[in-house]
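Student: I'm passing along work33.cif; it holds mmCIF, C-alpha atoms and all ligand atoms.
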data_entry
#
loop_
_atom_site.label_atom_id
_atom_site.label_comp_id
_atom_site.auth_asym_id
_atom_site.auth_seq_id
_atom_site.Cartn_x
_atom_site.Cartn_y
_atom_site.Cartn_z
CA MET A 1 0.00 0.00 0.00
CA THR A 2 2.80 2.36 0.87
CA ILE A 3 4.46 1.74 -2.46
CA GLN A 4 1.30 2.41 -4.44
CA ARG A 5 0.67 5.66 -2.61
CA PHE A 6 4.25 6.70 -3.28
CA SER A 7 3.96 6.00 -6.99
CA VAL A 8 0.92 8.22 -7.37
CA ARG A 9 2.61 11.05 -5.53
CA ALA A 10 5.86 10.60 -7.43
CA LEU A 11 4.00 10.92 -10.72
CA ALA A 12 2.45 14.16 -9.55
CA ILE A 13 5.89 15.41 -8.59
CA ALA A 14 7.36 14.37 -11.92
CA GLY A 15 4.59 16.35 -13.60
CA ALA A 16 5.54 19.40 -11.58
CA PHE A 17 9.13 19.02 -12.79
CA ALA A 18 7.98 18.79 -16.37
CA ALA A 19 6.05 22.04 -15.90
CA GLY A 20 9.41 23.73 -15.53
CA PHE A 21 9.71 24.47 -11.86
CA ALA A 22 13.27 25.67 -11.32
CA PHE A 23 15.24 25.28 -8.13
CA SER A 24 18.03 27.79 -7.72
CA PRO A 25 19.67 27.81 -4.30
CA GLY A 26 21.73 30.87 -3.58
CA ALA A 27 20.59 32.64 -6.73
CA SER A 28 19.58 35.73 -4.80
CA ALA A 29 21.31 37.33 -1.86
CA GLY A 30 18.48 39.70 -0.99
CA PRO A 31 16.56 39.71 2.27
CA ALA A 32 13.42 37.62 2.65
CA ASP A 33 10.58 39.15 0.70
CA HIS A 34 6.92 39.02 1.61
CA THR A 35 5.75 36.60 -1.04
CA GLY A 36 6.53 33.48 0.94
CA HIS A 37 9.65 32.55 -1.00
CA PRO A 38 12.67 31.73 1.16
CA SER A 39 15.66 34.03 0.91
CA ALA A 40 19.05 32.65 -0.08
CA ALA A 41 20.05 32.56 3.57
CA GLN A 42 16.91 30.67 4.50
CA GLN A 43 17.49 28.24 1.64
CA SER A 44 21.05 27.59 2.83
CA ALA A 45 19.71 26.90 6.31
CA ALA A 46 17.24 24.42 4.83
CA ASP A 47 20.07 22.68 2.96
CA ALA A 48 22.10 22.42 6.16
CA ALA A 49 19.13 21.04 8.08
CA GLY A 50 18.54 18.41 5.44
CA PHE A 51 15.38 16.87 4.07
CA LYS A 52 13.03 15.31 6.61
CA ALA A 53 10.19 12.81 6.54
CA GLY A 54 9.06 11.30 9.82
CA ASP A 55 12.11 10.08 11.71
CA ILE A 56 14.31 10.13 8.61
CA THR A 57 16.64 12.98 7.71
CA VAL A 58 18.63 13.06 4.47
CA THR A 59 21.56 15.46 4.22
CA ALA A 60 23.81 16.74 1.43
CA PRO A 61 22.60 14.82 -1.62
CA TRP A 62 25.02 15.26 -4.52
CA THR A 63 25.85 13.76 -7.87
CA ARG A 64 28.39 14.43 -10.61
CA ALA A 65 28.32 16.17 -13.94
CA THR A 66 28.19 13.55 -16.69
CA PRO A 67 30.28 13.39 -19.85
CA GLY A 68 28.33 13.59 -23.11
CA GLY A 69 26.42 10.42 -23.89
CA ALA A 70 26.67 8.99 -20.37
CA LYS A 71 23.53 7.14 -19.42
CA VAL A 72 24.12 6.65 -15.71
CA ALA A 73 25.17 8.74 -12.73
CA GLY A 74 25.74 7.91 -9.08
CA GLY A 75 23.97 9.82 -6.33
CA TYR A 76 25.34 10.22 -2.81
CA LEU A 77 23.82 11.34 0.48
CA LYS A 78 23.59 10.59 4.17
CA ILE A 79 20.49 9.10 5.79
CA VAL A 80 19.88 9.44 9.52
CA ASN A 81 17.19 7.49 11.36
CA ASN A 82 16.20 9.32 14.55
CA GLY A 83 13.36 6.90 15.28
CA ALA A 84 13.05 3.92 17.59
CA ALA A 85 12.50 1.42 14.77
CA ALA A 86 14.47 0.44 11.69
CA ASP A 87 13.38 1.89 8.37
CA ARG A 88 14.27 0.98 4.80
CA LEU A 89 14.95 3.00 1.68
CA ILE A 90 12.90 0.96 -0.74
CA LYS A 91 12.69 3.08 -3.85
CA ALA A 92 13.90 6.22 -5.60
CA GLU A 93 12.60 8.13 -8.59
CA SER A 94 13.64 11.17 -10.59
CA SER A 95 12.24 12.82 -13.69
CA ILE A 96 15.77 13.01 -15.17
CA ALA A 97 16.20 9.23 -15.16
CA GLY A 98 14.27 6.40 -16.76
CA HIS A 99 14.57 4.66 -13.43
CA VAL A 100 16.64 4.86 -10.28
CA GLU A 101 18.21 1.96 -8.40
CA ILE A 102 19.85 1.61 -5.01
CA HIS A 103 23.27 -0.02 -5.43
CA GLU A 104 25.99 -1.45 -3.29
CA MET A 105 29.55 -2.24 -4.27
CA THR A 106 30.83 -5.74 -3.71
CA MET A 107 34.29 -7.23 -4.26
CA THR A 108 34.02 -10.32 -6.45
CA GLY A 109 37.22 -12.10 -7.42
CA GLY A 110 39.22 -8.91 -6.89
CA VAL A 111 36.86 -6.85 -9.02
CA MET A 112 34.49 -4.22 -7.63
CA LYS A 113 31.00 -4.71 -8.93
CA MET A 114 27.72 -2.88 -8.45
CA ARG A 115 24.67 -4.77 -7.32
CA PRO A 116 21.10 -3.48 -6.90
CA ILE A 117 19.79 -3.83 -3.35
CA MET A 118 16.41 -5.33 -4.14
CA GLU A 119 15.33 -5.77 -0.54
CA GLY A 120 15.87 -2.10 0.31
CA LEU A 121 18.57 -0.34 2.28
CA VAL A 122 18.09 -0.75 6.04
CA ILE A 123 18.75 2.20 8.36
CA LYS A 124 18.79 0.97 11.94
CA PRO A 125 17.17 3.06 14.71
CA GLY A 126 19.43 5.84 15.97
CA GLN A 127 21.96 5.16 13.22
CA SER A 128 22.98 6.65 9.93
CA VAL A 129 23.98 5.23 6.57
CA GLU A 130 26.24 7.10 4.19
CA LEU A 131 25.99 6.66 0.46
CA ALA A 132 29.39 7.68 -0.90
CA PRO A 133 31.70 7.03 -3.87
CA GLY A 134 33.13 3.51 -3.76
CA GLY A 135 30.24 2.21 -1.66
CA LEU A 136 26.50 2.45 -1.43
CA HIS A 137 24.91 4.82 -3.92
CA VAL A 138 21.75 5.76 -5.70
CA MET A 139 22.08 5.07 -9.43
CA PHE A 140 20.29 7.25 -11.94
CA MET A 141 19.73 4.95 -14.94
CA ASP A 142 18.75 5.85 -18.52
CA LEU A 143 19.56 9.54 -18.05
CA LYS A 144 17.33 11.71 -20.20
CA GLN A 145 19.80 14.60 -20.29
CA PRO A 146 23.42 15.25 -19.28
CA LEU A 147 23.97 16.50 -15.74
CA LYS A 148 25.72 19.85 -15.65
CA GLN A 149 27.85 21.19 -12.82
CA GLY A 150 26.02 23.77 -10.74
CA GLU A 151 22.59 22.44 -11.61
CA THR A 152 20.34 20.49 -9.28
CA VAL A 153 18.50 17.21 -9.68
CA LYS A 154 15.24 16.53 -7.89
CA ALA A 155 14.41 13.06 -6.76
CA THR A 156 11.95 11.35 -4.48
CA LEU A 157 13.16 8.73 -2.04
CA ALA A 158 10.61 6.32 -0.59
CA PHE A 159 11.06 4.91 2.87
CA GLU A 160 9.05 1.98 4.13
CA LYS A 161 7.95 3.77 7.30
CA ALA A 162 8.76 7.46 6.80
CA GLY A 163 7.14 7.49 3.35
CA PRO A 164 8.13 9.60 0.34
CA LEU A 165 10.77 12.29 0.74
CA ASP A 166 11.58 14.89 -1.91
CA VAL A 167 15.29 15.75 -2.02
CA VAL A 168 17.52 17.88 -4.23
CA PHE A 169 20.91 16.64 -5.44
CA LYS A 170 23.58 19.21 -6.21
CA VAL A 171 25.54 18.47 -9.35
CA ASN A 172 29.26 18.71 -8.58
CA ALA A 173 32.14 18.72 -11.03
CA LEU A 174 32.92 15.81 -13.31
CA GLY A 175 35.18 13.49 -11.32
CA ALA A 176 34.27 15.00 -7.96
CA THR A 177 34.86 12.55 -5.12
CA SER A 178 33.26 14.44 -2.25
CA THR A 179 31.06 17.39 -1.44
CA HIS A 180 33.93 19.34 0.09
CA LYS A 181 34.87 22.50 -1.68
CA HIS A 182 37.78 24.64 -0.53
CU CU B 201 25.59 1.74 -9.40
#
Here is the file; what I need is its structure written in the form of structure tokens.
Ligand SMILES: [Cu+2]

Tutor:
Amino acid sequence: MTIQRFSVRALAIAGAFAAGFAFSPGASAGPADHTGHPSAAQQSAADAAGFKAGDITVTAPWTRATPGGAKVAGGYLKIVNNGAAADRLIKAESSIAGHVEIHEMTMTGGVMKMRPIMEGLVIKPGQSVELAPGGLHVMFMDLKQPLKQGETVKATLAFEKAGPLDVVFKVNALGATSTHKH
């Protein structure tokens, strides 16, 4: 039931993307206006606080710019479970990808291979799971357009208990290995 409800909502969200809604963090440095839009400072605070649904908080989602013709891109983020029960990341969707998988890296015969986690990614109560290069990651498959540095990618993560959670991935430079910028 949870999955069905998520799918309906995700479709609605994908439609909103298609309508051309643009997300531009830090585009304006002005003070908060009176139209209800967050100021740049408020947006930065929201980014720092992360994306929350129920007991789940997701922080710092990022991906990489893709070379021309690339059809896949990895997505990285940290998931914190502040609840008293385990939760699972069971699904992810984005309008920029034909589909999105949750992958882990495994060493097989000395070769690192990616494997979809079909049963979902468990986040134990009071613990966090980091999706990072070389390990767990979200995989955007069948990319519909190249990812460009400085842009953002919207996606919806679905948790078994916390439900759907809309997040925004920052697109870092081609070859970037972390979110740190100095
Ligand atoms: Cu992968």

Student: With all atoms listed in the file as the atoms that count, which of A:Met139, A:Leu165, A:Ala53, A:Val58 lies nearest to Ile79 of chain A?

Tutor: A:Val58

Student: Considering only C-alpha atoms, return as an mmCIF file with C-alpha atoms, keeping the file's coordinate frame whatever protein or nucleic-acid residues lie within 8 Å of Ile123 of chain A, sequence-local ones (same chain, fewer than 5 positions apart) excluded.

Tutor:
data_model
loop_
_atom_site.group_PDB
_atom_site.id
_atom_site.type_symbol
_atom_site.label_atom_id
_atom_site.label_comp_id
_atom_site.auth_asym_id
_atom_site.auth_seq_id
_atom_site.Cartn_x
_atom_site.Cartn_y
_atom_site.Cartn_z
ATOM 1 C CA ILE A 79 20.490 9.100 5.790
ATOM 2 C CA VAL A 80 19.880 9.440 9.520
ATOM 3 C CA ASN A 81 17.190 7.490 11.360
ATOM 4 C CA ALA A 86 14.470 0.440 11.690
ATOM 5 C CA ASP A 87 13.380 1.890 8.370
ATOM 6 C CA ARG A 88 14.270 0.980 4.800
ATOM 7 C CA LEU A 89 14.950 3.000 1.680
ATOM 8 C CA SER A 128 22.980 6.650 9.930
ATOM 9 C CA VAL A 129 23.980 5.230 6.570
#

Student: Dump the neighbourhood of ligand CU 201 (chain B) as a PyMOL selection string: all residues within 9 Å, distances computed on all atoms listed in the file.

Tutor: chain A and resi 72-75+101-105+113-116+136-141

Student: Could you name the residues that touch Gly126 of chain A at 7 Å or less, counting only C-alpha atoms, but leaving out those on the same chain fewer than 2 positions away, as a PyMOL selection string?

Tutor: chain A and resi 81-84+124

Student: How many Å lie between atom CA of Pro164 of chain A and atom CA of Ile90 of chain A, rounded to one decimal?

Tutor: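 It comes out at 9.9 Å.
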